[in-house]
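Containing mmCIF, C-alpha atoms: entry17.cif.
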data_final
loop_
_atom_site.group_PDB
_atom_site.id
_atom_site.type_symbol
_atom_site.label_atom_id
_atom_site.label_comp_id
_atom_site.auth_asym_id
_atom_site.auth_seq_id
_atom_site.Cartn_x
_atom_site.Cartn_y
_atom_site.Cartn_z
ATOM 1 C CA MET H 20 12.981 -9.422 34.184
ATOM 2 C CA ARG H 21 11.798 -11.319 31.118
ATOM 3 C CA PHE H 22 10.519 -10.824 27.607
ATOM 4 C CA GLN H 23 7.193 -8.989 27.961
ATOM 5 C CA PRO H 24 6.340 -6.968 24.838
ATOM 6 C CA SER H 25 3.422 -4.609 25.360
ATOM 7 C CA HIS H 26 2.630 -4.256 21.631
ATOM 8 C CA ILE H 27 1.410 -0.679 22.038
ATOM 9 C CA GLY H 28 4.546 1.009 20.714
ATOM 10 C CA LEU H 29 8.290 0.649 21.091
ATOM 11 C CA PHE H 30 8.530 4.149 22.583
ATOM 12 C CA LEU H 31 5.139 4.455 24.211
ATOM 13 C CA PRO H 32 5.306 3.275 27.844
ATOM 14 C CA LEU H 33 1.773 3.477 29.190
ATOM 15 C CA SER H 34 2.750 5.175 32.468
ATOM 16 C CA PHE H 35 4.419 8.025 30.604
ATOM 17 C CA LEU H 36 1.480 8.446 28.218
ATOM 18 C CA GLN H 37 -0.996 8.515 31.105
ATOM 19 C CA SER H 38 1.097 11.127 32.900
ATOM 20 C CA SER H 39 1.300 13.205 29.727
ATOM 21 C CA ARG H 40 -2.465 13.081 29.293
ATOM 22 C CA ALA H 41 -3.002 14.136 32.906
ATOM 23 C CA THR H 42 -0.671 17.145 32.602
ATOM 24 C CA ARG H 43 -1.205 18.070 28.954
ATOM 25 C CA GLU H 44 -1.955 21.712 29.790
ATOM 26 C CA SER H 45 1.477 22.239 31.313
ATOM 27 C CA ARG H 46 4.774 23.045 29.653
ATOM 28 C CA PRO H 47 6.260 21.534 27.534
ATOM 29 C CA LEU H 48 3.330 19.212 26.931
ATOM 30 C CA ILE H 49 0.861 21.841 25.799
ATOM 31 C CA SER H 50 2.858 22.539 22.649
ATOM 32 C CA ALA H 51 3.387 18.825 21.961
ATOM 33 C CA TRP H 52 -0.321 18.043 22.196
ATOM 34 C CA ALA H 53 -1.114 21.069 20.053
ATOM 35 C CA VAL H 54 0.857 19.473 17.203
ATOM 36 C CA LEU H 55 -1.782 16.744 16.985
ATOM 37 C CA GLU H 56 -4.415 19.406 16.294
ATOM 38 C CA ASP H 57 -2.341 21.142 13.610
ATOM 39 C CA ALA H 58 -2.069 20.116 9.972
ATOM 40 C CA PRO H 59 -0.024 16.941 9.398
ATOM 41 C CA PRO H 60 3.536 17.145 8.011
ATOM 42 C CA GLU H 61 4.002 17.152 4.252
ATOM 43 C CA ASP H 62 6.308 14.138 3.975
ATOM 44 C CA ILE H 63 4.619 10.755 3.902
ATOM 45 C CA LEU H 64 6.466 9.175 6.842
ATOM 46 C CA GLY H 65 5.817 12.285 8.916
ATOM 47 C CA GLN H 66 2.121 12.040 8.081
ATOM 48 C CA ILE H 67 2.006 8.414 9.153
ATOM 49 C CA LEU H 68 3.731 9.220 12.428
ATOM 50 C CA TRP H 69 1.274 12.060 13.110
ATOM 51 C CA LEU H 70 -1.701 9.825 12.336
ATOM 52 C CA VAL H 71 -0.601 6.949 14.570
ATOM 53 C CA TYR H 72 -0.089 9.315 17.510
ATOM 54 C CA ARG H 73 -3.566 10.701 16.960
ATOM 55 C CA TRP H 74 -4.788 7.112 17.125
ATOM 56 C CA ARG H 75 -2.863 6.217 20.273
ATOM 57 C CA ALA H 76 -3.027 9.539 22.136
ATOM 58 C CA LEU H 77 -6.477 10.773 21.091
ATOM 59 C CA ASP H 78 -8.195 7.452 20.293
ATOM 60 C CA ASP H 79 -8.779 8.738 16.771
ATOM 61 C CA THR H 80 -9.769 5.515 15.019
ATOM 62 C CA SER H 81 -10.082 7.134 11.613
ATOM 63 C CA ALA H 82 -6.540 8.508 11.862
ATOM 64 C CA GLY H 83 -5.245 5.021 12.639
ATOM 65 C CA GLN H 84 -7.137 3.576 9.689
ATOM 66 C CA LYS H 85 -5.672 6.201 7.362
ATOM 67 C CA ALA H 86 -2.188 5.428 8.687
ATOM 68 C CA LEU H 87 -2.722 1.745 7.896
ATOM 69 C CA MET H 88 -3.831 2.588 4.373
ATOM 70 C CA LEU H 89 -0.785 4.785 3.815
ATOM 71 C CA LEU H 90 1.577 2.130 5.168
ATOM 72 C CA HIS H 91 0.212 -0.533 2.861
ATOM 73 C CA SER H 92 0.449 1.844 -0.108
ATOM 74 C CA LEU H 93 4.132 2.665 0.373
ATOM 75 C CA ASP H 94 6.677 1.229 -2.017
ATOM 76 C CA ASP H 95 10.156 0.207 -0.940
ATOM 77 C CA ALA H 96 11.811 3.039 -2.868
ATOM 78 C CA THR H 97 9.838 5.598 -0.869
ATOM 79 C CA ILE H 98 10.730 4.078 2.485
ATOM 80 C CA PHE H 99 14.341 3.192 1.812
ATOM 81 C CA ASP H 100 15.268 6.009 -0.537
ATOM 82 C CA GLY H 101 18.910 6.163 0.479
ATOM 83 C CA THR H 102 18.636 9.498 2.257
ATOM 84 C CA THR H 103 20.334 9.958 5.612
ATOM 85 C CA ILE H 104 20.103 12.560 8.343
ATOM 86 C CA VAL H 105 23.446 13.965 7.285
ATOM 87 C CA GLU H 106 25.728 12.724 4.556
ATOM 88 C CA GLY H 107 28.174 10.126 5.789
ATOM 89 C CA ASP H 108 26.463 9.244 9.075
ATOM 90 C CA GLY H 109 26.818 5.549 8.187
ATOM 91 C CA ALA H 110 23.508 4.471 9.686
ATOM 92 C CA GLY H 111 22.120 2.719 6.604
ATOM 93 C CA ASP H 112 18.402 1.885 6.659
ATOM 94 C CA GLY H 113 18.449 1.030 10.355
ATOM 95 C CA PRO H 114 16.801 4.250 11.627
ATOM 96 C CA ARG H 115 13.955 3.980 9.100
ATOM 97 C CA LEU H 116 13.350 0.332 9.989
ATOM 98 C CA VAL H 117 13.199 1.101 13.722
ATOM 99 C CA GLY H 118 10.724 3.898 12.993
ATOM 100 C CA LEU H 119 8.589 1.507 10.953
ATOM 101 C CA ALA H 120 8.659 -1.050 13.763
ATOM 102 C CA HIS H 121 7.426 1.597 16.211
ATOM 103 C CA VAL H 122 4.569 2.551 13.885
ATOM 104 C CA VAL H 123 3.575 -1.090 13.330
ATOM 105 C CA GLU H 124 3.532 -1.718 17.071
ATOM 106 C CA MET H 125 1.251 1.273 17.623
ATOM 107 C CA LEU H 126 -1.122 0.128 14.882
ATOM 108 C CA ARG H 127 -1.266 -3.629 15.429
ATOM 109 C CA SER H 128 -4.222 -3.426 17.842
ATOM 110 C CA HIS H 129 -6.227 -1.093 15.591
ATOM 111 C CA PRO H 130 -9.617 -2.596 14.618
ATOM 112 C CA ALA H 131 -8.655 -2.378 10.935
ATOM 113 C CA ALA H 132 -5.257 -4.036 11.344
ATOM 114 C CA THR H 133 -4.813 -7.504 9.846
ATOM 115 C CA PRO H 134 -1.987 -10.086 9.864
ATOM 116 C CA ALA H 135 -0.876 -8.482 6.593
ATOM 117 C CA LEU H 136 0.622 -5.648 8.670
ATOM 118 C CA ILE H 137 3.135 -7.993 10.304
ATOM 119 C CA GLN H 138 3.880 -9.643 6.976
ATOM 120 C CA LEU H 139 4.563 -6.219 5.529
ATOM 121 C CA PHE H 140 7.056 -5.569 8.298
ATOM 122 C CA ARG H 141 8.768 -8.894 7.550
ATOM 123 C CA HIS H 142 9.139 -7.697 3.976
ATOM 124 C CA TRP H 143 10.730 -4.438 5.138
ATOM 125 C CA VAL H 144 13.210 -6.340 7.300
ATOM 126 C CA ASP H 145 14.227 -8.383 4.256
ATOM 127 C CA THR H 146 14.468 -5.260 2.081
ATOM 128 C CA ALA H 147 16.357 -2.850 4.321
ATOM 129 C CA ASN H 148 20.078 -2.336 3.781
ATOM 130 C CA LEU H 149 21.833 -2.867 7.108
ATOM 131 C CA VAL H 150 25.117 -4.129 5.708
ATOM 132 C CA THR H 151 27.468 -1.201 5.359
ATOM 133 C CA PRO H 152 31.161 -0.795 6.196
ATOM 134 C CA TYR H 153 30.319 1.869 8.754
ATOM 135 C CA ILE H 154 30.285 1.272 12.478
ATOM 136 C CA PRO H 155 26.981 3.151 13.130
ATOM 137 C CA SER H 156 25.116 0.638 10.971
ATOM 138 C CA ALA H 157 26.333 -2.155 13.252
ATOM 139 C CA PHE H 158 24.846 -0.389 16.277
ATOM 140 C CA TRP H 159 21.587 0.258 14.441
ATOM 141 C CA ARG H 160 21.451 -3.439 13.574
ATOM 142 C CA VAL H 161 21.274 -4.171 17.313
ATOM 143 C CA THR H 162 18.366 -1.749 17.717
ATOM 144 C CA VAL H 163 16.669 -3.220 14.650
ATOM 145 C CA ASN H 164 17.043 -6.742 16.043
ATOM 146 C CA LEU H 165 15.467 -5.705 19.348
ATOM 147 C CA ALA H 166 12.600 -4.018 17.497
ATOM 148 C CA THR H 167 12.137 -6.963 15.134
ATOM 149 C CA GLY H 168 12.089 -9.382 18.048
ATOM 150 C CA ILE H 169 9.207 -7.383 19.534
ATOM 151 C CA VAL H 170 7.177 -7.016 16.349
ATOM 152 C CA LEU H 171 7.562 -10.677 15.380
ATOM 153 C CA ASP H 172 7.289 -12.013 18.964
ATOM 154 C CA ASP H 173 10.685 -13.639 18.458
ATOM 155 C CA GLU H 174 12.108 -14.011 21.952
ATOM 156 C CA THR H 175 15.251 -15.720 20.671
ATOM 157 C CA LEU H 176 16.115 -12.811 18.365
ATOM 158 C CA PHE H 177 15.296 -10.342 21.125
ATOM 159 C CA ASN H 178 17.569 -12.099 23.626
ATOM 160 C CA GLU H 179 20.374 -12.287 21.068
ATOM 161 C CA ALA H 180 20.020 -8.544 20.531
ATOM 162 C CA VAL H 181 20.207 -7.939 24.279
ATOM 163 C CA GLY H 182 23.580 -9.688 24.222
ATOM 164 C CA GLN H 183 24.618 -7.592 21.215
ATOM 165 C CA PHE H 184 23.630 -4.435 23.079
ATOM 166 C CA GLN H 185 25.809 -5.443 25.998
ATOM 167 C CA GLU H 186 28.707 -6.087 23.620
ATOM 168 C CA GLY H 187 28.156 -2.653 22.099
ATOM 169 C CA ILE H 188 28.327 -0.976 25.506
ATOM 170 C CA ALA H 189 31.578 -2.842 26.150
ATOM 171 C CA GLN H 190 33.024 -1.186 23.026
ATOM 172 C CA LEU H 191 32.393 2.314 24.338
ATOM 173 C CA HIS H 192 35.403 4.262 25.520
ATOM 174 C CA PRO H 193 34.924 5.362 29.155
ATOM 175 C CA GLU H 194 34.235 8.888 27.852
ATOM 176 C CA GLY H 195 31.396 7.568 25.687
ATOM 177 C CA TYR H 196 32.683 7.367 22.116
ATOM 178 C CA ILE H 197 33.455 4.524 19.712
ATOM 179 C CA ARG H 198 37.023 4.655 18.405
ATOM 180 C CA GLU H 199 36.162 3.309 14.953
ATOM 181 C CA ALA H 200 33.601 6.088 14.507
ATOM 182 C CA VAL H 201 35.840 9.016 15.356
ATOM 183 C CA GLU H 202 39.439 8.053 14.677
ATOM 184 C CA PRO H 203 39.200 8.669 10.892
ATOM 185 C CA LYS H 204 38.934 12.357 11.920
ATOM 186 C CA ASP H 205 36.940 13.268 8.823
ATOM 187 C CA ALA H 206 34.010 15.665 8.523
ATOM 188 C CA GLN H 207 31.433 13.035 9.570
ATOM 189 C CA THR H 208 32.913 11.935 12.896
ATOM 190 C CA PHE H 209 30.350 13.767 15.019
ATOM 191 C CA ALA H 210 27.431 12.630 12.868
ATOM 192 C CA ARG H 211 28.521 9.018 13.270
ATOM 193 C CA GLN H 212 28.955 9.292 17.016
ATOM 194 C CA PHE H 213 25.606 11.085 17.376
ATOM 195 C CA SER H 214 23.929 8.314 15.382
ATOM 196 C CA ILE H 215 25.500 5.662 17.619
ATOM 197 C CA ALA H 216 24.252 7.456 20.737
ATOM 198 C CA CYS H 217 20.750 7.553 19.264
ATOM 199 C CA ALA H 218 20.829 3.838 18.402
ATOM 200 C CA LEU H 219 21.955 2.912 21.932
ATOM 201 C CA VAL H 220 19.285 5.046 23.598
ATOM 202 C CA LEU H 221 16.506 3.619 21.437
ATOM 203 C CA ALA H 222 17.789 0.104 22.085
ATOM 204 C CA ALA H 223 17.819 0.721 25.848
ATOM 205 C CA GLU H 224 14.273 2.045 25.692
ATOM 206 C CA ILE H 225 12.972 -0.844 23.575
ATOM 207 C CA GLY H 226 14.463 -3.356 25.989
ATOM 208 C CA THR H 227 13.195 -1.564 29.077
ATOM 209 C CA ASN H 228 9.664 -1.302 27.680
ATOM 210 C CA SER H 229 9.730 -5.026 26.875
ATOM 211 C CA GLY H 230 10.817 -6.484 30.211
ATOM 212 C CA VAL H 231 14.628 -6.136 30.163
ATOM 213 C CA ASP H 232 15.931 -2.975 31.813
ATOM 214 C CA LEU H 233 18.753 -2.027 29.463
ATOM 215 C CA TRP H 234 18.839 1.460 30.938
ATOM 216 C CA ALA H 235 20.267 -0.117 34.060
ATOM 217 C CA TYR H 236 22.933 -2.034 32.159
ATOM 218 C CA HIS H 237 26.495 -0.756 32.352
ATOM 219 C CA ASN H 238 30.006 -2.029 31.793
ATOM 220 C CA ARG H 239 32.719 -0.444 33.938
ATOM 221 C CA GLY H 240 30.212 2.289 34.738
ATOM 222 C CA VAL H 241 29.687 3.006 31.021
ATOM 223 C CA SER H 242 26.142 2.888 29.637
ATOM 224 C CA ALA H 243 23.848 4.244 26.928
ATOM 225 C CA LYS H 244 23.641 7.420 28.991
ATOM 226 C CA THR H 245 27.428 7.838 28.721
ATOM 227 C CA ALA H 246 27.249 7.938 24.924
ATOM 228 C CA SER H 247 24.489 10.559 25.104
ATOM 229 C CA ALA H 248 26.403 12.712 27.557
ATOM 230 C CA TYR H 249 29.450 12.645 25.289
ATOM 231 C CA VAL H 250 27.658 14.078 22.248
ATOM 232 C CA LEU H 251 25.526 16.483 24.296
ATOM 233 C CA PHE H 252 28.586 18.425 25.446
ATOM 234 C CA TYR H 253 29.665 19.102 21.860
ATOM 235 C CA LEU H 254 26.208 20.260 20.838
ATOM 236 C CA TYR H 255 26.975 23.229 23.067
ATOM 237 C CA TYR H 256 30.702 23.471 22.331
ATOM 238 C CA PRO H 257 31.268 22.249 18.758
ATOM 239 C CA GLU H 258 34.581 24.084 18.549
ATOM 240 C CA LYS H 259 35.999 21.706 21.162
ATOM 241 C CA TRP H 260 35.364 18.581 19.047
ATOM 242 C CA ARG H 261 38.787 17.008 18.629
ATOM 243 C CA TRP H 262 37.947 14.329 16.083
ATOM 244 C CA SER H 263 38.115 16.477 12.950
ATOM 245 C CA ASP H 264 40.020 19.451 11.605
ATOM 246 C CA PRO H 265 39.499 22.724 13.479
ATOM 247 C CA ASP H 266 36.287 24.556 12.539
ATOM 248 C CA THR H 267 34.891 21.474 10.737
ATOM 249 C CA LEU H 268 32.120 21.025 13.274
ATOM 250 C CA THR H 269 29.911 24.120 13.314
ATOM 251 C CA LEU H 270 26.530 25.136 14.657
ATOM 252 C CA ASP H 271 25.200 25.050 11.094
ATOM 253 C CA MET H 272 26.158 21.388 10.843
ATOM 254 C CA MET H 273 24.357 20.734 14.119
ATOM 255 C CA THR H 274 21.036 22.057 12.816
ATOM 256 C CA PRO H 275 19.907 18.982 10.807
ATOM 257 C CA LEU H 276 21.098 16.653 13.560
ATOM 258 C CA ILE H 277 19.090 18.487 16.202
ATOM 259 C CA LYS H 278 15.974 18.900 14.072
ATOM 260 C CA GLN H 279 15.902 15.358 12.722
ATOM 261 C CA GLN H 280 17.534 13.142 15.358
ATOM 262 C CA ALA H 281 17.804 14.862 18.752
ATOM 263 C CA ALA H 282 14.333 13.659 19.769
ATOM 264 C CA PHE H 283 15.990 10.728 21.549
ATOM 265 C CA MET H 284 17.407 13.193 24.078
ATOM 266 C CA GLU H 285 13.870 13.610 25.441
ATOM 267 C CA ILE H 286 13.900 9.900 26.299
ATOM 268 C CA VAL H 287 17.280 10.277 27.995
ATOM 269 C CA HIS H 288 15.948 13.211 30.013
ATOM 270 C CA ALA H 289 12.970 11.169 31.204
ATOM 271 C CA ARG H 290 14.912 8.011 32.036
ATOM 272 C CA SER H 291 18.230 9.322 33.327
ATOM 273 C CA PRO H 292 18.586 13.110 33.102
ATOM 274 C CA LEU H 293 21.832 14.620 31.894
ATOM 275 C CA ARG H 294 23.252 17.847 33.192
ATOM 276 C CA SER H 295 22.278 20.735 30.882
ATOM 277 C CA VAL H 296 20.139 18.608 28.550
ATOM 278 C CA ASP H 297 17.186 20.798 29.490
ATOM 279 C CA ILE H 298 18.768 23.681 27.549
ATOM 280 C CA LEU H 299 18.702 21.654 24.346
ATOM 281 C CA LEU H 300 15.152 20.509 25.017
ATOM 282 C CA GLN H 301 13.761 23.928 25.887
ATOM 283 C CA GLN H 302 15.174 25.425 22.712
ATOM 284 C CA ASN H 303 13.766 22.731 20.413
ATOM 285 C CA ARG H 304 10.591 21.338 21.935
ATOM 286 C CA PRO H 305 8.315 19.791 20.937
ATOM 287 C CA LEU H 306 10.732 17.182 19.623
ATOM 288 C CA SER H 307 9.561 14.609 17.108
ATOM 289 C CA SER H 308 11.357 12.286 14.707
ATOM 290 C CA PHE H 309 10.300 9.239 12.704
ATOM 291 C CA THR H 310 13.772 7.748 13.137
ATOM 292 C CA ALA H 311 14.656 8.814 16.694
ATOM 293 C CA GLY H 312 11.809 7.764 18.966
ATOM 294 C CA GLY H 313 8.667 9.303 17.503
ATOM 295 C CA MET H 314 6.858 12.216 19.170
ATOM 296 C CA THR H 315 9.062 12.050 22.215
ATOM 297 C CA THR H 316 8.077 15.314 23.908
ATOM 298 C CA LEU H 317 4.421 14.272 23.773
ATOM 299 C CA VAL H 318 5.181 11.002 25.583
ATOM 300 C CA TYR H 319 8.284 11.671 27.663
ATOM 301 C CA GLY H 320 7.848 15.375 28.404
ATOM 302 C CA ALA H 321 6.371 14.496 31.787
ATOM 303 C CA PRO H 322 7.660 11.787 34.137
ATOM 304 C CA PRO H 323 5.376 8.839 34.903
ATOM 305 C CA PRO H 324 3.225 9.240 38.015
ATOM 306 C CA ASP H 325 5.246 6.795 40.135
ATOM 307 C CA THR H 326 8.423 8.879 39.713
ATOM 308 C CA GLN H 327 6.630 12.038 40.838
ATOM 309 C CA ARG H 328 5.836 10.649 44.270
ATOM 310 C CA LYS H 329 8.343 10.813 47.108
ATOM 311 C CA PRO H 330 8.526 8.385 50.001
ATOM 312 C CA TRP H 331 6.830 10.023 52.987
ATOM 313 C CA TRP H 332 10.099 10.479 54.881
ATOM 314 C CA GLN H 333 11.583 12.602 52.088
ATOM 315 C CA PHE H 334 9.052 15.345 52.706
ATOM 316 C CA TRP H 335 10.852 16.071 55.957
ATOM 317 C CA THR H 336 14.333 16.430 54.425
#
Could you write out this file's structure as structure tokens?
Amino acid sequence: MRFQPSHIGLFLPLSFLQSSRATRESRPLISAWAVLEDAPPEDILGQILWLVYRWRALDDTSAGQKALMLLHSLDDATIFDGTTIVEGDGAGDGPRLVGLAHVVEMLRSHPAATPALIQLFRHWVDTANLVTPYIPSAFWRVTVNLATGIVLDDETLFNEAVGQFQEGIAQLHPEGYIREAVEPKDAQTFARQFSIACALVLAAEIGTNSGVDLWAYHNRGVSAKTASAYVLFYLYYPEKWRWSDPDTLTLDMMTPLIKQQAAFMEIVHARSPLRSVDILLQQNRPLSSFTAGGMTTLVYGAPPPDTQRKPWWQFWT
């Protein structure tokens, strides 16, 4: 496979979107599509995300134009305001920058889009803070580099990031965690590991949607799916988390992670389902996150048509 950016969205494979449109009256898609008919979110990035999905999913040209206007009106302090999903997750500005790249990709073919949109993204890349002493930021840098390679049509940067992704997978313990993220055994160990799993999943999806199947990549049988499976177990059994003091990880701590970042699990479910992930999805759908894959239930809630068909001989088994 080779570098083939679609330029319709980092997390918007056309086959999945077409399947979602065809089955939009079924669960869980009906609730995801209904969100596009509701009022937009109050926060500015949430509004932009809602508008660009109206443009791409409903062909709402005016929504896309409004999203472009809002993007160009944003100041750096609004975008990179220093807030994180949970305190101490160590992700830096990486998640925001990946979300911006996804939005730019969805808008670049809009009739009102100009080359200034790509120049604006270049400015964001130069502005974002990706240099932190925390290991999650290093993983998000890989995802950012993949996304930036797509937006800027920089095949060299993209290929370098593919190599970085492979190096990141090699760092995973066979169970799916990164030692540097959890061995401090402080209160943020799970948040860091969850953030790393998200970064790896988004990186795998960006690569796969751009001609390089990173979902198929593994090292010693360890892959992006392994990291997701590791954190999924503890979403159900937080008391078993061994990388912090007893009772540090609670269901209350899980709430912001699930609401703001678990949207990437919908992508995992569509690409390589995990045992019991459907429980998490059913309880929280429709999932949507500016920093974790966009409106993932809307796109990935139904498999693409080619995965729904069975070879003829399987109908007899």
Point to revise | Which of H:Ser229, H:Gln280, H:Ser308, H:Thr274 sits closest to Ala216 in chain H [using all atoms listed in the file] | key: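 Checking each candidate against Ala216 in chain H, we get H:Gln280 as the closest.
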Check your understanding: Of the candidates H:Ala76, H:Ile67, H:Val123, H:Ala311, which one gets nearest to Ile215 in chain H if we count all atoms listed in the file?
Key -> H:Ala311
Practice item. Choose the residue, out of H:Arg160, H:Lys278, H:Arg127, H:Arg290, that has the smallest atom-to-atom separation from Asn228 in chain H; count all atoms listed in the file. Key: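 Ranked by minimum distance to Asn228 in chain H, first place goes to H:Arg290.
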Suppose a student applies the PyMOL selection byres ((chain H and resi 129) around 9) to this structure; what residues should they get, written as a PDB file with C-alpha atoms, in the frame of the given file?
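The resulting file, expr17.pdb, is reproduced below:
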ATOM      1  CA  TRP H  74      -4.788   7.112  17.125  1.00  0.00           C
ATOM      2  CA  THR H  80      -9.769   5.515  15.019  1.00  0.00           C
ATOM      3  CA  GLY H  83      -5.245   5.021  12.639  1.00  0.00           C
ATOM      4  CA  GLN H  84      -7.137   3.576   9.689  1.00  0.00           C
ATOM      5  CA  LEU H  87      -2.722   1.745   7.896  1.00  0.00           C
ATOM      6  CA  MET H 125       1.251   1.273  17.623  1.00  0.00           C
ATOM      7  CA  LEU H 126      -1.122   0.128  14.882  1.00  0.00           C
ATOM      8  CA  ARG H 127      -1.266  -3.629  15.429  1.00  0.00           C
ATOM      9  CA  SER H 128      -4.222  -3.426  17.842  1.00  0.00           C
ATOM     10  CA  PRO H 130      -9.617  -2.596  14.618  1.00  0.00           C
ATOM     11  CA  ALA H 131      -8.655  -2.378  10.935  1.00  0.00           C
ATOM     12  CA  ALA H 132      -5.257  -4.036  11.344  1.00  0.00           C
ATOM     13  CA  THR H 133      -4.813  -7.504   9.846  1.00  0.00           C
TER      14      THR H 133
END
Practice item. Find the residues around Arg304 in chain H up to 9 Å (only C-alpha atoms counted), leave out those fewer than 6 positions away in its own chain, and share them as a PyMOL selection string. Key: chain H and resi 47+50-51+282+316
Point to revise | Test item: residues at most 9 Å from Ile154 in chain H, only C-alpha atoms, excluding those fewer than 3 positions along its chain, as a VMD selection string | key: chain H and resid 109 to 110 151 157 to 159 197 199 to 200 211 215
Store the residues of this selection in a file with C-alpha atoms, as a PDB file, in the coordinates of the input.
ATOM      1  CA  GLY H 109      26.818   5.549   8.187  1.00  0.00           C
ATOM      2  CA  ALA H 110      23.508   4.471   9.686  1.00  0.00           C
ATOM      3  CA  THR H 151      27.468  -1.201   5.359  1.00  0.00           C
ATOM      4  CA  ALA H 157      26.333  -2.155  13.252  1.00  0.00           C
ATOM      5  CA  PHE H 158      24.846  -0.389  16.277  1.00  0.00           C
ATOM      6  CA  TRP H 159      21.587   0.258  14.441  1.00  0.00           C
ATOM      7  CA  ILE H 197      33.455   4.524  19.712  1.00  0.00           C
ATOM      8  CA  GLU H 199      36.162   3.309  14.953  1.00  0.00           C
ATOM      9  CA  ALA H 200      33.601   6.088  14.507  1.00  0.00           C
ATOM     10  CA  ARG H 211      28.521   9.018  13.270  1.00  0.00           C
ATOM     11  CA  ILE H 215      25.500   5.662  17.619  1.00  0.00           C
TER      12      ILE H 215
END
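As for CA of Ser291 in chain H and CA of Tyr253 in chain H, they are spaced 18.9 Å apart.
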Exercise for review: Mind checking which residues fall within 9 Å of Phe184 in chain H, counting only C-alpha atoms, ignoring those fewer than 6 positions away in the same chain, and posting them as a list in words?
Suggested key: Phe158, Val161, Thr162, Leu219, Ala222, Ala223 and Leu233 of chain H
Just the selected residues (C-alpha atoms), exported as a CSV table (one decimal), in the coordinates of the input, please.
chain,number,residue,atom,x,y,z
H,158,PHE,CA,24.8,-0.4,16.3
H,161,VAL,CA,21.3,-4.2,17.3
H,162,THR,CA,18.4,-1.7,17.7
H,219,LEU,CA,22.0,2.9,21.9
H,222,ALA,CA,17.8,0.1,22.1
H,223,ALA,CA,17.8,0.7,25.8
H,233,LEU,CA,18.8,-2.0,29.5
Review point. Could you spell out the hits of the PyMOL selection byres ((chain H and resi 136-147) around 9) on the shown file, as a VMD selection string?
Key: chain H and resid 87 90 to 91 95 98 to 99 111 to 113 115 to 116 119 to 120 123 126 to 127 132 to 135 148 to 150 163 167 170 to 171
Exercise for review: Name the residues that the PyMOL selection byres ((chain H and resi 286) around 9) picks from the file above, as a ChimeraX atom specification, using the file's chain letters and numbers.
Suggested key: /H:30,220-221,224,282-285,287-292,312,315-316,318-320
Point to revise | Interatomic distance, CA of Leu36 in chain H to CA of Leu317 in chain H (Å, one decimal) | key: 7.9 Å
Review point. How many Å separate CA of Gln207 in chain H from CA of Glu258 in chain H?
Key: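 Here the two named atoms are 14.6 Å from each other.
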Exercise for review: Rank nothing, just name the residue among H:Ile188, H:Leu77, H:Leu299, H:Ala246 nearest to Arg43 in chain H, using only C-alpha atoms.
Suggested key: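 The shortest atom-to-atom distance to Arg43 in chain H comes from H:Leu77.
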Practice item. Choose the residue, out of H:Asp62, H:His237, H:Arg46, H:Thr208, that has the smallest atom-to-atom separation from Leu300 in chain H; count all atoms listed in the file. Key: H:Arg46
Exercise for review: For Arg198 in chain H, please output as a PyMOL selection string all residues within 12 Å (counting only C-alpha atoms; exclusion window: fewer than 5 positions along the same chain).
Suggested key: chain H and resi 154-155+190-193+203-204+208-209+211-212+215+262
Centre and size of axis-aligned box enclosing range 220-230 of chain H plus 3 Å each side, as lines of an AutoDock Vina configuration file:
center_x = 14.5
center_y = -0.7
center_z = 25.8
size_x = 15.6
size_y = 17.5
size_z = 14.8
Exercise for review: Pick out the closest residue to Phe177 in chain H from this set: H:Asp205, H:Ala58, H:Ile225, H:Ile298. Count all atoms listed in the file.
Suggested key: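 Distance minimum relative to Phe177 in chain H lands on H:Ile225.
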